[in-house]
Amino acid sequence: MSSKYFKEDRDIIENVLVAFPEMKNKKDIPVKKWTSVFLDSWGFSIRNKWLNLSIDDYIEYVKKFGDKYEIIANMDTSDTEETLANQKRLEDETWYKILPVYHWSELKEGNKELMEYYCKNYDFVALWWVAGIGMSKSEKRYYLDFCFRMAIKYKTKLHWFGITSYWELLRYPFYTIDSTSWLQWVKFNRFTTFKNWKIIKFTADEYRKKYWIDYSKLSYKDRLLLNYNAYQNMADYITKLHKVKWMEYWK
């Protein structure tokens, strides 16, 4: 289906992150449309009892459909021992290599050894600052500086959950990230564009005055594509910058 203002959708989406609660009742995933699929457990929502699911439910799902996913994340919790127990159960009972998650709270508590253990034993590790825990920019830099020193030492690739902060992406060569920022702006009737090496945000009225496009005449799909394209352009730009220095590390 073509779009009035933007290029046609691609038939193949290369990289997709999906949530276990969303996928658990589906018999299959659209593998013809997605070439690389990342399964997120949504551990934060589950452990806060926003969803009536458990590690047993997750293990059962991974047993049935794990072969459809390139990456399967651990069901991490705010308790390190429970997180490690979930990791072990998933790997022992499903036979898949499970993506471990290292939290800011663990570094804050002085548990540096855990990140080193992950980097020694896994090619790919995810980072998350944990929603609900305040984190200043200086704390983020301390956390990410430490994680990347350890990852580079062992040539481990890193994923950053739920973040598209521009300064973080410029400073750190994440192998992958995921975020719904581009989608959130649509919900609040805001528009974004990537220009002069940064994301610029507009209200609907500001966008109309700047680009002569009336918000009321844009379909929901067009609004999604507009914001998606802005963030994709940012990702392409940052990837090109990092490739110059980090290509060998990413291999």
# chains A, B, ... in the order shown; residues from 1 in each chain; ligands from 1
>>> select_by_dssp(residues="segment 156-233 of chain A", states="strand (DSSP E)", output="PyMOL selection string")
chain A and resi 157-160+176-177+190-195+198-203
>>> write_last_selection(atoms="C-alpha atoms", output="mmCIF file, in the first residue's frame")
data_model
loop_
_atom_site.group_PDB
_atom_site.id
_atom_site.type_symbol
_atom_site.label_atom_id
_atom_site.label_comp_id
_atom_site.auth_asym_id
_atom_site.auth_seq_id
_atom_site.Cartn_x
_atom_site.Cartn_y
_atom_site.Cartn_z
ATOM 1 C CA LYS A 157 28.241 -6.736 21.480
ATOM 2 C CA LEU A 158 25.721 -4.681 23.453
ATOM 3 C CA HIS A 159 22.004 -4.014 23.112
ATOM 4 C CA TRP A 160 20.373 -0.976 24.818
ATOM 5 C CA THR A 176 21.497 -2.814 18.463
ATOM 6 C CA ILE A 177 18.918 -0.679 20.265
ATOM 7 C CA ARG A 190 4.049 15.684 17.352
ATOM 8 C CA PHE A 191 6.326 15.319 14.372
ATOM 9 C CA THR A 192 10.046 14.762 14.053
ATOM 10 C CA THR A 193 12.673 15.220 11.404
ATOM 11 C CA PHE A 194 16.403 14.530 11.395
ATOM 12 C CA LYS A 195 18.244 17.649 10.264
ATOM 13 C CA LYS A 198 19.895 16.024 15.307
ATOM 14 C CA ILE A 199 16.244 15.103 15.840
ATOM 15 C CA ILE A 200 13.987 18.171 15.644
ATOM 16 C CA LYS A 201 10.480 17.995 17.121
ATOM 17 C CA PHE A 202 7.445 19.992 15.984
ATOM 18 C CA THR A 203 3.880 20.452 17.097
#
>>> closest_atom_pairs(of="segment 132-238 of chain A", to="segment 92-111 of chain A", cutoff="10 Å", atoms="only C-alpha atoms", output="CSV")
residue,atom,partner,partner_atom,distance
A:Ile133,CA,A:Ser105,CA,8.3
A:Met135,CA,A:Trp104,CA,8.7
A:Glu139,CA,A:Trp104,CA,8.8
A:Lys140,CA,A:Trp104,CA,8.2
A:Tyr142,CA,A:Leu107,CA,9.5
A:Tyr143,CA,A:Trp104,CA,6.3
A:Leu144,CA,A:Trp104,CA,8.9
A:Phe146,CA,A:Leu107,CA,8.9
A:Cys147,CA,A:Tyr102,CA,8.8
A:Leu158,CA,A:Val101,CA,9.8
A:His159,CA,A:Val101,CA,9.0
A:Trp160,CA,A:Val101,CA,9.6
A:Phe161,CA,A:Val101,CA,9.3
>>> residues_around(residues="segment 237-245 of chain A", least_positions_apart="3", cutoff="9 Å", atoms="only C-alpha atoms", output="NGL selection string")
:A and (169-170 or 172-173 or 197 or 232-234 or 248-250)
>>> closest_residue(among="A:Lys24, A:Lys63, A:Arg208, A:Lys155", to="Phe124 of chain A", atoms="only C-alpha atoms")
A:Lys155
>>> residues_around(residues="segment 72-74 of chain A", least_positions_apart="6", cutoff="9 Å", atoms="only C-alpha atoms", output="list in words")
Val37, Phe38, Leu39, Asp40, Ser41, Gly43, Val62, Gly66, Thr83, Leu84, Asn86, Gln87, Leu90, Tyr96, Lys97, Ile98, Leu99, Pro100, Val101 and Ala126 of chain A
>>> write_last_selection(atoms="C-alpha atoms", output="compact mmCIF listing (two decimals), in the first residue's frame")
# COMPACT_ATOMS: atom_id res chain seq x y z
CA VAL A 37 13.40 -11.26 15.21
CA PHE A 38 14.31 -10.39 18.82
CA LEU A 39 12.06 -11.77 21.59
CA ASP A 40 11.76 -9.54 24.66
CA SER A 41 10.30 -11.19 27.77
CA GLY A 43 10.12 -9.00 32.50
CA VAL A 62 10.40 -20.57 23.99
CA GLY A 66 12.36 -20.45 20.01
CA THR A 83 17.53 -13.18 37.19
CA LEU A 84 20.40 -15.68 37.10
CA ASN A 86 15.72 -17.59 35.21
CA GLN A 87 18.68 -17.49 32.81
CA LEU A 90 15.75 -21.01 30.21
CA TYR A 96 18.83 -21.92 23.49
CA LYS A 97 21.52 -19.34 24.23
CA ILE A 98 19.64 -16.66 26.18
CA LEU A 99 20.54 -12.97 26.07
CA PRO A 100 21.54 -11.81 29.58
CA VAL A 101 20.57 -8.36 30.88
CA ALA A 126 21.71 -6.32 26.90
>>> atom_distance(atom1="atom CA of Val18 of chain A", atom2="atom CA of Lys137 of chain A")
28.3 Å
>>> select_by_dssp(residues="segment 24-233 of chain A", states="helix (DSSP H, G or I)", output="number ranges by chain")
A: 43-47, 55-68, 80-94, 104-108, 112-121, 137-154, 166-171, 181-187, 204-211, 215-217, 220-233
>>> write_last_selection(atoms="C-alpha atoms", output="mmCIF file, in the first residue's frame")
data_model
loop_
_atom_site.group_PDB
_atom_site.id
_atom_site.type_symbol
_atom_site.label_atom_id
_atom_site.label_comp_id
_atom_site.auth_asym_id
_atom_site.auth_seq_id
_atom_site.Cartn_x
_atom_site.Cartn_y
_atom_site.Cartn_z
ATOM 1 C CA GLY A 43 10.125 -9.002 32.504
ATOM 2 C CA PHE A 44 9.567 -5.567 34.050
ATOM 3 C CA SER A 45 5.812 -5.628 33.388
ATOM 4 C CA ILE A 46 5.497 -9.243 34.486
ATOM 5 C CA ARG A 47 7.356 -8.887 37.767
ATOM 6 C CA ILE A 55 8.905 -17.682 33.937
ATOM 7 C CA ASP A 56 7.155 -21.041 33.404
ATOM 8 C CA ASP A 57 4.924 -19.479 30.723
ATOM 9 C CA TYR A 58 7.965 -17.957 29.041
ATOM 10 C CA ILE A 59 9.905 -21.235 29.057
ATOM 11 C CA GLU A 60 6.941 -23.067 27.548
ATOM 12 C CA TYR A 61 6.662 -20.488 24.767
ATOM 13 C CA VAL A 62 10.395 -20.565 23.989
ATOM 14 C CA LYS A 63 10.297 -24.361 23.797
ATOM 15 C CA LYS A 64 7.586 -24.158 21.138
ATOM 16 C CA PHE A 65 8.720 -21.151 19.104
ATOM 17 C CA GLY A 66 12.356 -20.452 20.008
ATOM 18 C CA ASP A 67 13.558 -21.565 16.578
ATOM 19 C CA LYS A 68 11.749 -18.563 15.036
ATOM 20 C CA THR A 80 20.041 -10.640 40.655
ATOM 21 C CA GLU A 81 19.773 -14.184 41.991
ATOM 22 C CA GLU A 82 16.305 -14.598 40.516
ATOM 23 C CA THR A 83 17.532 -13.181 37.192
ATOM 24 C CA LEU A 84 20.403 -15.682 37.096
ATOM 25 C CA ALA A 85 18.069 -18.523 38.080
ATOM 26 C CA ASN A 86 15.725 -17.587 35.214
ATOM 27 C CA GLN A 87 18.675 -17.489 32.809
ATOM 28 C CA LYS A 88 19.801 -20.949 33.883
ATOM 29 C CA ARG A 89 16.322 -22.446 33.663
ATOM 30 C CA LEU A 90 15.750 -21.009 30.209
ATOM 31 C CA GLU A 91 19.048 -22.333 28.899
ATOM 32 C CA ASP A 92 18.778 -25.731 30.610
ATOM 33 C CA GLU A 93 15.163 -26.356 29.632
ATOM 34 C CA THR A 94 15.098 -24.901 26.127
ATOM 35 C CA TRP A 104 22.287 -0.066 36.351
ATOM 36 C CA SER A 105 21.046 -1.147 39.794
ATOM 37 C CA GLU A 106 23.569 -4.011 39.794
ATOM 38 C CA LEU A 107 26.482 -1.700 39.065
ATOM 39 C CA LYS A 108 25.164 0.785 41.626
ATOM 40 C CA LYS A 112 30.874 -5.344 38.592
ATOM 41 C CA GLU A 113 31.753 -9.021 38.461
ATOM 42 C CA LEU A 114 28.375 -9.872 36.954
ATOM 43 C CA MET A 115 28.989 -7.762 33.852
ATOM 44 C CA GLU A 116 32.425 -9.340 33.449
ATOM 45 C CA TYR A 117 30.884 -12.806 33.797
ATOM 46 C CA TYR A 118 28.331 -12.002 31.085
ATOM 47 C CA CYS A 119 30.974 -10.594 28.722
ATOM 48 C CA LYS A 120 33.263 -13.588 29.241
ATOM 49 C CA ASN A 121 30.523 -16.105 28.535
ATOM 50 C CA LYS A 137 23.286 11.941 32.960
ATOM 51 C CA SER A 138 26.515 11.516 34.940
ATOM 52 C CA GLU A 139 25.250 8.185 36.307
ATOM 53 C CA LYS A 140 24.359 7.046 32.806
ATOM 54 C CA ARG A 141 27.837 7.931 31.582
ATOM 55 C CA TYR A 142 29.420 6.044 34.481
ATOM 56 C CA TYR A 143 27.227 2.998 33.801
ATOM 57 C CA LEU A 144 27.741 2.971 30.041
ATOM 58 C CA ASP A 145 31.460 3.781 30.224
ATOM 59 C CA PHE A 146 31.941 0.810 32.553
ATOM 60 C CA CYS A 147 29.820 -1.539 30.425
ATOM 61 C CA PHE A 148 31.613 -0.624 27.212
ATOM 62 C CA ARG A 149 35.067 -0.964 28.769
ATOM 63 C CA MET A 150 34.123 -4.474 29.797
ATOM 64 C CA ALA A 151 32.398 -5.309 26.490
ATOM 65 C CA ILE A 152 35.290 -4.071 24.354
ATOM 66 C CA LYS A 153 37.756 -6.032 26.503
ATOM 67 C CA TYR A 154 35.946 -9.266 25.638
ATOM 68 C CA TYR A 166 20.980 11.010 20.682
ATOM 69 C CA TRP A 167 24.022 11.791 22.856
ATOM 70 C CA GLU A 168 24.146 8.187 24.079
ATOM 71 C CA LEU A 169 24.014 6.785 20.569
ATOM 72 C CA LEU A 170 26.730 9.151 19.366
ATOM 73 C CA ARG A 171 29.028 8.336 22.283
ATOM 74 C CA SER A 181 10.011 7.113 20.627
ATOM 75 C CA TRP A 182 9.018 7.544 16.990
ATOM 76 C CA LEU A 183 5.627 6.020 17.827
ATOM 77 C CA GLN A 184 5.100 8.036 21.025
ATOM 78 C CA TRP A 185 5.418 11.342 19.167
ATOM 79 C CA VAL A 186 2.544 10.335 16.896
ATOM 80 C CA LYS A 187 0.322 9.664 19.906
ATOM 81 C CA ALA A 204 1.289 19.901 14.369
ATOM 82 C CA ASP A 205 0.931 23.662 13.924
ATOM 83 C CA GLU A 206 4.700 24.228 13.773
ATOM 84 C CA TYR A 207 5.032 21.448 11.213
ATOM 85 C CA ARG A 208 2.285 22.933 9.030
ATOM 86 C CA LYS A 209 3.960 26.361 9.051
ATOM 87 C CA LYS A 210 7.398 24.903 8.364
ATOM 88 C CA TYR A 211 6.563 22.320 5.684
ATOM 89 C CA TYR A 215 -1.779 17.581 9.980
ATOM 90 C CA SER A 216 -5.501 16.980 9.516
ATOM 91 C CA LYS A 217 -4.856 15.687 5.989
ATOM 92 C CA TYR A 220 -2.208 7.825 10.675
ATOM 93 C CA LYS A 221 0.089 5.753 8.498
ATOM 94 C CA ASP A 222 1.698 8.875 7.034
ATOM 95 C CA ARG A 223 2.298 10.281 10.501
ATOM 96 C CA LEU A 224 3.932 7.030 11.557
ATOM 97 C CA LEU A 225 6.127 6.968 8.471
ATOM 98 C CA LEU A 226 7.168 10.570 8.932
ATOM 99 C CA ASN A 227 8.449 9.915 12.451
ATOM 100 C CA TYR A 228 9.842 6.513 11.561
ATOM 101 C CA ASN A 229 11.862 8.014 8.709
ATOM 102 C CA ALA A 230 13.329 10.675 11.008
ATOM 103 C CA TYR A 231 14.589 8.082 13.475
ATOM 104 C CA GLN A 232 15.756 5.760 10.697
ATOM 105 C CA ASN A 233 17.776 8.614 9.189
#
